[in-house]
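Colleague: Have a peek at model.cif (mmCIF, C-alpha atoms).
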data_coords
#
loop_
_atom_site.label_atom_id
_atom_site.label_comp_id
_atom_site.auth_asym_id
_atom_site.auth_seq_id
_atom_site.Cartn_x
_atom_site.Cartn_y
_atom_site.Cartn_z
CA MET F 1 21.81 -9.61 -4.86
CA ASN F 2 24.19 -6.75 -5.66
CA TYR F 3 21.92 -3.91 -4.58
CA LEU F 4 24.05 -1.06 -5.95
CA LYS F 5 24.26 -2.80 -9.32
CA ALA F 6 20.48 -3.28 -9.37
CA LEU F 7 19.92 0.30 -8.23
CA PHE F 8 22.00 1.71 -11.07
CA GLN F 9 20.42 -0.73 -13.49
CA PHE F 10 16.79 -0.19 -12.49
CA GLY F 11 16.85 3.24 -10.82
CA PRO F 12 16.53 5.20 -14.09
CA LEU F 13 13.40 3.17 -14.82
CA ILE F 14 11.56 5.48 -12.43
CA LEU F 15 11.85 8.31 -14.95
CA LEU F 16 9.78 6.92 -17.84
CA PRO F 17 6.78 5.76 -15.76
CA LEU F 18 7.03 9.03 -13.81
CA LEU F 19 6.76 11.05 -17.01
CA ILE F 20 3.93 8.94 -18.45
CA SER F 21 2.00 8.98 -15.17
CA PHE F 22 2.52 12.74 -14.86
CA VAL F 23 1.11 13.38 -18.34
CA LEU F 24 -1.81 10.95 -17.93
CA THR F 25 -2.71 12.46 -14.56
CA ARG F 26 -2.61 15.94 -16.08
CA ILE F 27 -5.02 14.77 -18.78
CA LEU F 28 -7.31 13.35 -16.11
CA VAL F 29 -7.22 16.65 -14.22
CA LEU F 30 -8.63 18.30 -17.35
CA TRP F 31 -11.09 15.57 -18.35
CA ALA F 32 -12.23 13.94 -15.10
CA ALA F 33 -15.19 16.28 -14.62
CA ARG F 34 -16.43 15.59 -18.16
CA LEU F 35 -16.17 11.88 -17.47
CA GLY F 36 -18.20 12.25 -14.27
CA LEU F 37 -15.25 11.59 -11.95
CA VAL F 38 -15.74 14.33 -9.36
CA ASP F 39 -15.45 14.31 -5.56
CA TYR F 40 -17.86 16.68 -3.83
CA PRO F 41 -17.26 18.14 -0.35
CA SER F 42 -19.16 16.59 2.54
CA ALA F 43 -19.16 16.47 6.34
CA ARG F 44 -16.84 13.44 6.42
CA LYS F 45 -14.28 14.89 3.99
CA THR F 46 -11.57 17.48 4.52
CA HIS F 47 -11.63 19.25 1.15
CA THR F 48 -13.99 22.21 0.70
CA GLU F 49 -14.05 22.46 -3.10
CA THR F 50 -15.25 20.12 -5.80
CA THR F 51 -12.18 18.19 -6.98
CA PRO F 52 -11.57 15.78 -9.87
CA LYS F 53 -10.88 12.19 -8.91
CA GLY F 54 -9.78 9.04 -10.68
CA GLY F 55 -6.10 10.00 -10.89
CA GLY F 56 -5.30 6.45 -9.85
CA ILE F 57 -6.21 5.41 -13.40
CA ALA F 58 -2.79 6.73 -14.45
CA ILE F 59 -1.01 4.68 -11.78
CA PHE F 60 -2.90 1.54 -12.76
CA LEU F 61 -2.34 1.92 -16.50
CA VAL F 62 1.40 2.54 -16.15
CA VAL F 63 2.06 -0.30 -13.68
CA TRP F 64 -0.29 -2.83 -15.25
CA THR F 65 0.95 -2.19 -18.79
CA ALA F 66 4.58 -2.42 -17.70
CA MET F 67 3.93 -5.73 -15.96
CA ALA F 68 2.07 -7.11 -18.98
CA LEU F 69 4.85 -6.11 -21.38
CA TYR F 70 7.50 -7.45 -19.01
CA CYS F 71 5.65 -10.72 -18.67
CA TRP F 72 5.03 -11.39 -22.35
CA SER F 73 8.02 -9.76 -24.00
CA GLY F 74 10.10 -12.92 -23.61
CA HIS F 75 13.40 -11.04 -23.79
CA PRO F 76 16.09 -13.68 -23.19
CA SER F 77 18.44 -11.32 -21.32
CA ARG F 78 15.99 -11.05 -18.47
CA GLN F 79 16.26 -14.76 -17.71
CA MET F 80 12.84 -14.71 -16.14
CA ARG F 81 12.11 -17.70 -13.98
CA ALA F 82 8.97 -19.63 -14.82
CA ASP F 83 7.45 -19.21 -11.37
CA PHE F 84 8.00 -15.43 -11.43
CA GLN F 85 6.20 -15.27 -14.76
CA ASP F 86 3.39 -17.25 -13.15
CA GLU F 87 3.25 -14.65 -10.37
CA LEU F 88 2.80 -11.87 -12.92
CA LEU F 89 0.10 -13.80 -14.77
CA ILE F 90 -1.68 -14.42 -11.48
CA PHE F 91 -1.45 -10.71 -10.66
CA LEU F 92 -2.54 -9.19 -13.96
CA ILE F 93 -6.21 -10.23 -14.11
CA PRO F 94 -6.91 -9.87 -10.35
CA GLY F 95 -5.14 -6.49 -10.38
CA ALA F 96 -7.36 -5.33 -13.22
CA ILE F 97 -10.46 -6.58 -11.39
CA VAL F 98 -9.52 -4.63 -8.25
CA ALA F 99 -8.89 -1.46 -10.26
CA LEU F 100 -12.12 -1.78 -12.27
CA LEU F 101 -14.11 -2.40 -9.11
CA GLY F 102 -12.65 0.78 -7.64
CA LEU F 103 -13.42 2.69 -10.85
CA PHE F 104 -17.05 1.57 -10.78
CA ASP F 105 -17.21 2.70 -7.17
CA ASP F 106 -15.83 6.10 -8.20
CA PHE F 107 -18.64 6.53 -10.73
CA ARG F 108 -21.37 5.20 -8.46
CA PRO F 109 -20.76 4.07 -4.86
CA LEU F 110 -21.15 0.30 -4.55
CA PRO F 111 -22.37 -1.56 -1.45
CA TRP F 112 -19.47 -2.42 0.83
CA GLN F 113 -20.67 -6.02 0.92
CA LEU F 114 -20.20 -6.34 -2.84
CA ARG F 115 -16.78 -4.69 -2.78
CA LEU F 116 -15.59 -6.90 0.08
CA LEU F 117 -16.94 -10.03 -1.61
CA VAL F 118 -15.14 -9.32 -4.88
CA GLN F 119 -11.91 -8.35 -3.10
CA SER F 120 -12.04 -11.51 -1.01
CA GLY F 121 -12.55 -13.61 -4.12
CA VAL F 122 -9.60 -11.96 -5.83
CA ALA F 123 -7.42 -12.41 -2.74
CA ALA F 124 -8.39 -16.08 -2.48
CA LEU F 125 -7.48 -16.57 -6.13
CA VAL F 126 -4.07 -14.96 -5.73
CA ALA F 127 -3.27 -16.71 -2.44
CA GLY F 128 -4.46 -20.05 -3.79
CA CYS F 129 -2.40 -19.89 -6.98
CA TRP F 130 0.68 -18.00 -5.82
CA PRO F 131 3.85 -20.10 -6.31
CA GLY F 132 5.82 -20.85 -3.18
CA ILE F 133 3.00 -20.65 -0.62
CA ALA F 134 2.82 -23.97 1.20
CA GLY F 135 0.01 -24.93 3.53
CA LEU F 136 -3.56 -23.82 4.10
CA TRP F 137 -2.80 -21.42 6.93
CA TRP F 138 -0.21 -19.52 4.93
CA ARG F 139 -2.71 -19.18 2.07
CA VAL F 140 -5.36 -17.90 4.48
CA ALA F 141 -2.86 -15.43 5.97
CA ALA F 142 -1.85 -14.26 2.49
CA GLY F 143 -5.50 -13.75 1.52
CA LEU F 144 -6.24 -11.73 4.66
CA TRP F 145 -3.08 -9.67 4.07
CA ILE F 146 -4.20 -8.80 0.53
CA VAL F 147 -7.77 -7.89 1.53
CA GLY F 148 -6.58 -5.95 4.56
CA LEU F 149 -4.01 -3.81 2.74
CA THR F 150 -6.32 -3.22 -0.22
CA ASN F 151 -8.87 -1.65 2.13
CA ALA F 152 -6.25 -0.06 4.40
CA PHE F 153 -4.83 2.10 1.63
CA ASN F 154 -8.35 2.92 0.50
CA MET F 155 -9.19 4.13 4.02
CA LEU F 156 -5.88 6.00 4.25
CA ASP F 157 -6.76 8.07 1.19
CA ASN F 158 -8.44 10.87 3.16
CA MET F 159 -5.99 13.80 2.90
CA ASP F 160 -3.89 15.27 0.11
CA ALA F 161 -0.77 13.24 -0.72
CA LEU F 162 -1.34 10.85 2.19
CA SER F 163 -2.11 7.42 0.79
CA SER F 164 0.05 7.83 -2.31
CA GLY F 165 2.97 9.21 -0.26
CA VAL F 166 2.83 6.34 2.24
CA ALA F 167 2.61 3.88 -0.67
CA TRP F 168 5.74 5.38 -2.26
CA LEU F 169 7.65 5.12 1.00
CA GLY F 170 6.44 1.55 1.45
CA ALA F 171 7.68 0.57 -2.01
CA ALA F 172 11.04 2.23 -1.35
CA PHE F 173 11.51 0.29 1.89
CA LEU F 174 10.48 -2.95 0.16
CA VAL F 175 13.29 -2.32 -2.33
CA GLY F 176 15.65 -1.79 0.60
CA ALA F 177 14.47 -5.00 2.21
CA LEU F 178 15.17 -6.93 -0.98
CA ALA F 179 18.70 -5.58 -0.87
CA LEU F 180 19.40 -6.48 2.75
CA ARG F 181 17.92 -9.90 3.22
CA GLN F 182 20.10 -12.98 3.22
CA PRO F 183 20.54 -14.70 -0.17
CA VAL F 184 18.09 -17.50 0.56
CA LEU F 185 15.97 -16.80 -2.47
CA LEU F 186 16.92 -16.83 -6.11
CA VAL F 187 18.68 -13.65 -7.24
CA ASP F 188 16.60 -13.24 -10.40
CA ALA F 189 13.40 -13.06 -8.37
CA ASP F 190 14.69 -10.15 -6.30
CA GLU F 191 15.97 -8.24 -9.31
CA GLN F 192 12.70 -8.66 -11.18
CA LEU F 193 10.69 -7.51 -8.17
CA VAL F 194 12.97 -4.48 -7.76
CA PHE F 195 12.28 -3.67 -11.41
CA LEU F 196 8.51 -3.74 -10.84
CA LEU F 197 8.73 -1.73 -7.63
CA MET F 198 10.75 0.93 -9.45
CA ILE F 199 8.04 1.13 -12.11
CA PHE F 200 5.44 1.47 -9.35
CA MET F 201 7.41 4.19 -7.56
CA GLY F 202 7.72 6.20 -10.76
CA ALA F 203 4.01 5.90 -11.52
CA VAL F 204 3.01 6.95 -8.00
CA LEU F 205 5.45 9.87 -8.03
CA GLY F 206 4.02 11.14 -11.33
CA PHE F 207 0.55 11.22 -9.77
CA LEU F 208 1.77 12.55 -6.42
CA TRP F 209 2.92 15.81 -8.01
CA HIS F 210 -0.71 16.61 -8.84
CA ASN F 211 -1.94 15.39 -5.46
CA LEU F 212 0.22 17.67 -3.31
CA PRO F 213 -1.86 20.12 -1.26
CA PRO F 214 -3.96 21.74 -2.47
CA ALA F 215 -4.65 18.64 -4.56
CA ARG F 216 -5.64 19.16 -8.17
CA ILE F 217 -6.94 15.59 -8.37
CA PHE F 218 -7.60 12.65 -6.04
CA MET F 219 -6.69 9.01 -6.66
CA GLY F 220 -10.19 7.73 -6.16
CA ASP F 221 -10.90 4.14 -5.21
CA VAL F 222 -9.43 2.96 -8.52
CA GLY F 223 -6.00 4.14 -7.31
CA SER F 224 -6.15 3.57 -3.57
CA THR F 225 -7.35 -0.03 -3.84
CA PHE F 226 -4.93 -0.85 -6.64
CA ILE F 227 -1.84 0.43 -4.79
CA GLY F 228 -2.92 -1.53 -1.70
CA PHE F 229 -3.36 -4.65 -3.80
CA PHE F 230 -0.02 -4.15 -5.55
CA LEU F 231 1.98 -3.64 -2.35
CA SER F 232 0.28 -6.55 -0.59
CA THR F 233 1.14 -8.95 -3.40
CA ALA F 234 4.62 -7.50 -3.96
CA SER F 235 5.43 -7.94 -0.27
CA LEU F 236 4.42 -11.62 -0.31
CA GLN F 237 7.86 -12.55 -1.61
CA LEU F 238 9.42 -10.99 1.49
CA ALA F 239 6.85 -12.41 3.90
CA LEU F 240 6.89 -16.04 2.81
CA PRO F 241 8.98 -18.11 5.21
CA ILE F 242 10.07 -20.68 2.63
CA PRO F 243 12.59 -20.63 -0.21
CA TRP F 244 11.15 -19.99 -3.67
CA THR F 245 12.21 -23.36 -4.95
CA GLY F 246 8.74 -24.79 -4.47
CA ASP F 247 10.06 -27.29 -1.92
CA ALA F 248 7.30 -27.46 0.69
CA ASP F 249 9.45 -29.65 2.92
CA ILE F 250 11.86 -26.81 3.70
CA LEU F 251 10.06 -24.47 6.07
CA GLU F 252 11.88 -21.75 7.96
CA ILE F 253 9.59 -19.63 10.10
CA GLU F 254 11.73 -16.65 11.07
CA TRP F 255 11.35 -13.09 12.20
CA ARG F 256 12.09 -11.73 8.73
CA SER F 257 8.55 -12.66 7.77
CA LEU F 258 7.53 -9.66 9.87
CA VAL F 259 9.42 -7.22 7.63
CA PRO F 260 6.43 -6.32 5.39
CA LEU F 261 4.23 -5.83 8.46
CA CYS F 262 6.74 -3.37 9.92
CA ILE F 263 7.24 -1.52 6.63
CA LEU F 264 3.49 -1.17 6.07
CA ALA F 265 2.59 -0.53 9.71
CA VAL F 266 0.95 2.85 9.00
CA PRO F 267 -1.99 1.58 6.90
CA CYS F 268 -2.29 -1.45 9.19
CA TYR F 269 -2.55 0.76 12.29
CA ASP F 270 -5.01 3.12 10.63
CA LEU F 271 -7.25 0.25 9.52
CA THR F 272 -7.14 -1.52 12.89
CA SER F 273 -7.74 1.60 14.97
CA VAL F 274 -10.61 2.85 12.81
CA VAL F 275 -12.36 -0.53 12.83
CA LEU F 276 -12.02 -0.80 16.63
CA LEU F 277 -13.31 2.76 17.13
CA ARG F 278 -16.36 2.17 14.96
CA LEU F 279 -17.15 -1.17 16.59
CA SER F 280 -16.82 0.37 20.06
CA GLN F 281 -19.37 2.98 18.99
CA GLY F 282 -21.78 0.32 17.78
CA ARG F 283 -21.34 1.22 14.13
CA SER F 284 -20.38 -0.73 11.04
CA PRO F 285 -16.60 -0.85 10.47
CA PHE F 286 -17.32 0.13 6.87
CA HIS F 287 -19.19 3.31 7.82
CA ALA F 288 -17.16 6.22 6.41
CA ASP F 289 -16.32 8.99 8.89
CA LYS F 290 -13.53 11.32 10.04
CA GLN F 291 -11.92 9.08 12.67
CA HIS F 292 -8.81 8.08 10.74
CA LEU F 293 -5.31 8.62 12.09
CA SER F 294 -4.88 11.78 10.03
CA HIS F 295 -8.17 13.20 11.34
CA ARG F 296 -7.26 12.31 14.91
CA LEU F 297 -3.90 14.08 14.58
CA VAL F 298 -5.76 17.18 13.39
CA GLU F 299 -7.98 16.90 16.48
CA LEU F 300 -4.78 16.97 18.56
CA GLY F 301 -4.01 20.39 17.10
CA LEU F 302 -1.99 19.69 13.95
CA SER F 303 -2.78 21.19 10.57
CA SER F 304 -3.67 18.82 7.75
CA LYS F 305 -0.24 19.27 6.16
CA ASN F 306 1.57 18.62 9.42
CA ALA F 307 -0.63 15.58 10.12
CA VAL F 308 0.46 14.10 6.78
CA ARG F 309 4.09 14.91 7.59
CA VAL F 310 3.83 13.16 10.95
CA ILE F 311 2.38 10.09 9.26
CA TYR F 312 5.24 10.17 6.75
CA LEU F 313 7.64 10.21 9.71
CA LEU F 314 5.83 7.25 11.26
CA ALA F 315 6.10 5.40 7.94
CA ILE F 316 9.85 6.09 7.81
CA VAL F 317 10.42 4.93 11.39
CA SER F 318 8.37 1.79 10.75
CA GLY F 319 10.23 1.10 7.51
CA LEU F 320 13.61 1.47 9.19
CA SER F 321 12.50 -0.94 11.90
CA GLY F 322 11.58 -3.44 9.22
CA LEU F 323 15.03 -3.12 7.63
CA ALA F 324 16.66 -3.49 11.07
CA LEU F 325 15.32 -7.05 11.25
CA TYR F 326 17.98 -8.04 8.71
CA PHE F 327 20.73 -7.02 11.14
CA VAL F 328 19.61 -9.13 14.12
CA LYS F 329 20.82 -12.69 14.65
CA ASP F 330 18.08 -14.31 16.72
CA TRP F 331 14.55 -14.00 18.06
CA ILE F 332 15.75 -11.93 21.02
CA GLY F 333 17.10 -9.20 18.77
CA ALA F 334 14.02 -9.43 16.57
CA GLY F 335 11.81 -9.13 19.64
CA LEU F 336 13.62 -5.95 20.68
CA VAL F 337 13.18 -4.40 17.23
CA VAL F 338 9.53 -5.34 16.88
CA GLY F 339 8.90 -4.55 20.55
CA GLN F 340 10.22 -1.01 20.29
CA LEU F 341 8.14 -0.40 17.16
CA ALA F 342 5.04 -1.81 18.84
CA GLY F 343 5.84 0.38 21.84
CA TRP F 344 5.83 3.51 19.68
CA TRP F 345 2.48 2.62 18.15
CA LEU F 346 0.99 1.71 21.53
CA ALA F 347 2.25 5.02 22.93
CA LEU F 348 0.55 6.86 20.08
CA ALA F 349 -2.66 4.91 20.71
CA LEU F 350 -2.48 5.80 24.42
CA ILE F 351 -1.96 9.49 23.64
CA GLU F 352 -4.94 9.43 21.30
CA PHE F 353 -7.09 7.64 23.87
CA LEU F 354 -6.24 10.06 26.68
CA ALA F 355 -6.80 13.08 24.45
CA ARG F 356 -10.15 11.75 23.27
CA ARG F 357 -11.25 10.99 26.84
CA ALA F 358 -10.21 14.48 27.95
CA ARG F 359 -12.28 16.04 25.18
CA ASN F 360 -15.29 13.93 26.05
CA GLN F 361 -15.05 14.93 29.72
CA GLN F 362 -14.96 18.65 28.98
CA PRO F 363 -18.20 20.43 30.00
CA PRO F 364 -20.18 21.91 27.12
CA LEU F 365 -19.66 25.61 26.42
CA ALA F 366 -22.32 27.89 27.80
CA ALA F 367 -24.66 29.34 25.24
#
Please lay out the structure from this file as structure tokens.

Modeller:
Amino acid sequence: MNYLKALFQFGPLILLPLLISFVLTRILVLWAARLGLVDYPSARKTHTETTPKGGGIAIFLVVWTAMALYCWSGHPSRQMRADFQDELLIFLIPGAIVALLGLFDDFRPLPWQLRLLVQSGVAALVAGCWPGIAGLWWRVAAGLWIVGLTNAFNMLDNMDALSSGVAWLGAAFLVGALALRQPVLLVDADEQLVFLLMIFMGAVLGFLWHNLPPARIFMGDVGSTFIGFFLSTASLQLALPIPWTGDADILEIEWRSLVPLCILAVPCYDLTSVVLLRLSQGRSPFHADKQHLSHRLVELGLSSKNAVRVIYLLAIVSGLSGLALYFVKDWIGAGLVVGQLAGWWLALALIEFLARRARNQQPPLAA
């Protein structure tokens, strides 16, 4: 794919969804409280003032509507492949279910068992029907990827501009990955996915302006779960180790399937570390608390703004490592790239562990 041509062709498409999302989010800032979409301060949250939530409605409406129009417009110049249209059709209803589930949870918190059950059902539907996935194990892996990222971005939404900023960076690096990978897949598929990612980036950026600290509105579960679901499904095209010709006999398992995992390493690390911490403490992994990566960086002495900036930096480093996989020629080079990235994350985990142990070993202050 000619990346520069696609960039000039699709890049301006960020502007319209950005503007629409900006205006819709502004309307939600003014009306969220009247609709009952309000986030109150609590011991497990970092904000100290009552803040509107549900700003993710704007992201969902812009992205979902654009995909629906793109899918059913039937414009001949787009030369949409039949299987890509199937992908959009598979995405539209499950995407709406994920967003509506998150919206219901914003109005009245739902049991985690119900949320996980519905999300798992949606992921199974997408993985089971997605064109190009061959074999049971790849479908299971795709389903786990979708459920995991949907919840990972939801968990990451705990500080101003954090989850939405990481999602924007992730989408940008996915666009870069589409530009760099070898032309194994059909060109139209890459161009169409770049188009959708540009729409997504514009919608997220329009919301992000209102979410910068001090945030005037939060995404809410409707936004955080939807962006996780969108990025998990969008990245499937990069992760699948087979050509998109539907030929299940041609199977090339290669290191480039790790590109989405590297690009989206931040939410994956946050989810994994939080779950392990909660299990080690004998608590449910779905018990909300202040043990996320951002909270732990604050415990190390960073301000909330600087903690978010550090996580942005980690997202950029991880994304660049993902793109570097397109420049290596064999598994040895891929191992070095993935190994150095894993080394950085393990070093961070070790620093966090030692700091936490040092705090726990400190004697209590005298009264």

Colleague: I need the residue set behind the PyMOL selection byres ((chain F and resi 204-214) around 9) for this file; please write it as a ChimeraX atom specification.

Modeller: /F:14,17-26,29,47,55-56,58-59,159-162,164-165,167-168,199-203,215-219,227,305

Colleague: Which residue gives the smallest distance to Ile93 of chain F among F:Leu125, F:Val222, F:Leu313, F:Val308, with all atoms listed in the file counted?

Modeller: F:Leu125

Colleague: For this structure, which residues satisfy the selection - the PyMOL selection byres ((chain F and resi 314) around 12) - when it is evaluated on the file as given? I want them as a ChimeraX atom specification.

Modeller: /F:166,169-170,262-267,269-270,293-294,307-313,315-321,341-342,344-345,348

Colleague: Quick one: write out the picked residues with C-alpha atoms as an mmCIF file, in the coordinates of the input?

Modeller:
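Wrote result-v3.cif, looks like this:
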data_model
loop_
_atom_site.group_PDB
_atom_site.id
_atom_site.type_symbol
_atom_site.label_atom_id
_atom_site.label_comp_id
_atom_site.auth_asym_id
_atom_site.auth_seq_id
_atom_site.Cartn_x
_atom_site.Cartn_y
_atom_site.Cartn_z
ATOM 1 C CA VAL F 166 2.830 6.340 2.240
ATOM 2 C CA LEU F 169 7.650 5.120 1.000
ATOM 3 C CA GLY F 170 6.440 1.550 1.450
ATOM 4 C CA CYS F 262 6.740 -3.370 9.920
ATOM 5 C CA ILE F 263 7.240 -1.520 6.630
ATOM 6 C CA LEU F 264 3.490 -1.170 6.070
ATOM 7 C CA ALA F 265 2.590 -0.530 9.710
ATOM 8 C CA VAL F 266 0.950 2.850 9.000
ATOM 9 C CA PRO F 267 -1.990 1.580 6.900
ATOM 10 C CA TYR F 269 -2.550 0.760 12.290
ATOM 11 C CA ASP F 270 -5.010 3.120 10.630
ATOM 12 C CA LEU F 293 -5.310 8.620 12.090
ATOM 13 C CA SER F 294 -4.880 11.780 10.030
ATOM 14 C CA ALA F 307 -0.630 15.580 10.120
ATOM 15 C CA VAL F 308 0.460 14.100 6.780
ATOM 16 C CA ARG F 309 4.090 14.910 7.590
ATOM 17 C CA VAL F 310 3.830 13.160 10.950
ATOM 18 C CA ILE F 311 2.380 10.090 9.260
ATOM 19 C CA TYR F 312 5.240 10.170 6.750
ATOM 20 C CA LEU F 313 7.640 10.210 9.710
ATOM 21 C CA ALA F 315 6.100 5.400 7.940
ATOM 22 C CA ILE F 316 9.850 6.090 7.810
ATOM 23 C CA VAL F 317 10.420 4.930 11.390
ATOM 24 C CA SER F 318 8.370 1.790 10.750
ATOM 25 C CA GLY F 319 10.230 1.100 7.510
ATOM 26 C CA LEU F 320 13.610 1.470 9.190
ATOM 27 C CA SER F 321 12.500 -0.940 11.900
ATOM 28 C CA LEU F 341 8.140 -0.400 17.160
ATOM 29 C CA ALA F 342 5.040 -1.810 18.840
ATOM 30 C CA TRP F 344 5.830 3.510 19.680
ATOM 31 C CA TRP F 345 2.480 2.620 18.150
ATOM 32 C CA LEU F 348 0.550 6.860 20.080
#

Colleague: Quick check, in Å to one decimal: how far apart do atom CA of Gly335 of chain F and atom CA of Leu277 of chain F lie?

Modeller: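 If I compute the distance from atom CA of Gly335 of chain F to atom CA of Leu277 of chain F, I get 27.9 Å.
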
Colleague: Which residue gives the smallest distance to Ala66 of chain F among F:Leu196, F:Val338, F:Ser235, F:Lys329, with all atoms listed in the file counted?

Modeller: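 Ranking F:Leu196, F:Val338, F:Ser235, F:Lys329 by distance to Ala66 of chain F, first place goes to F:Leu196.
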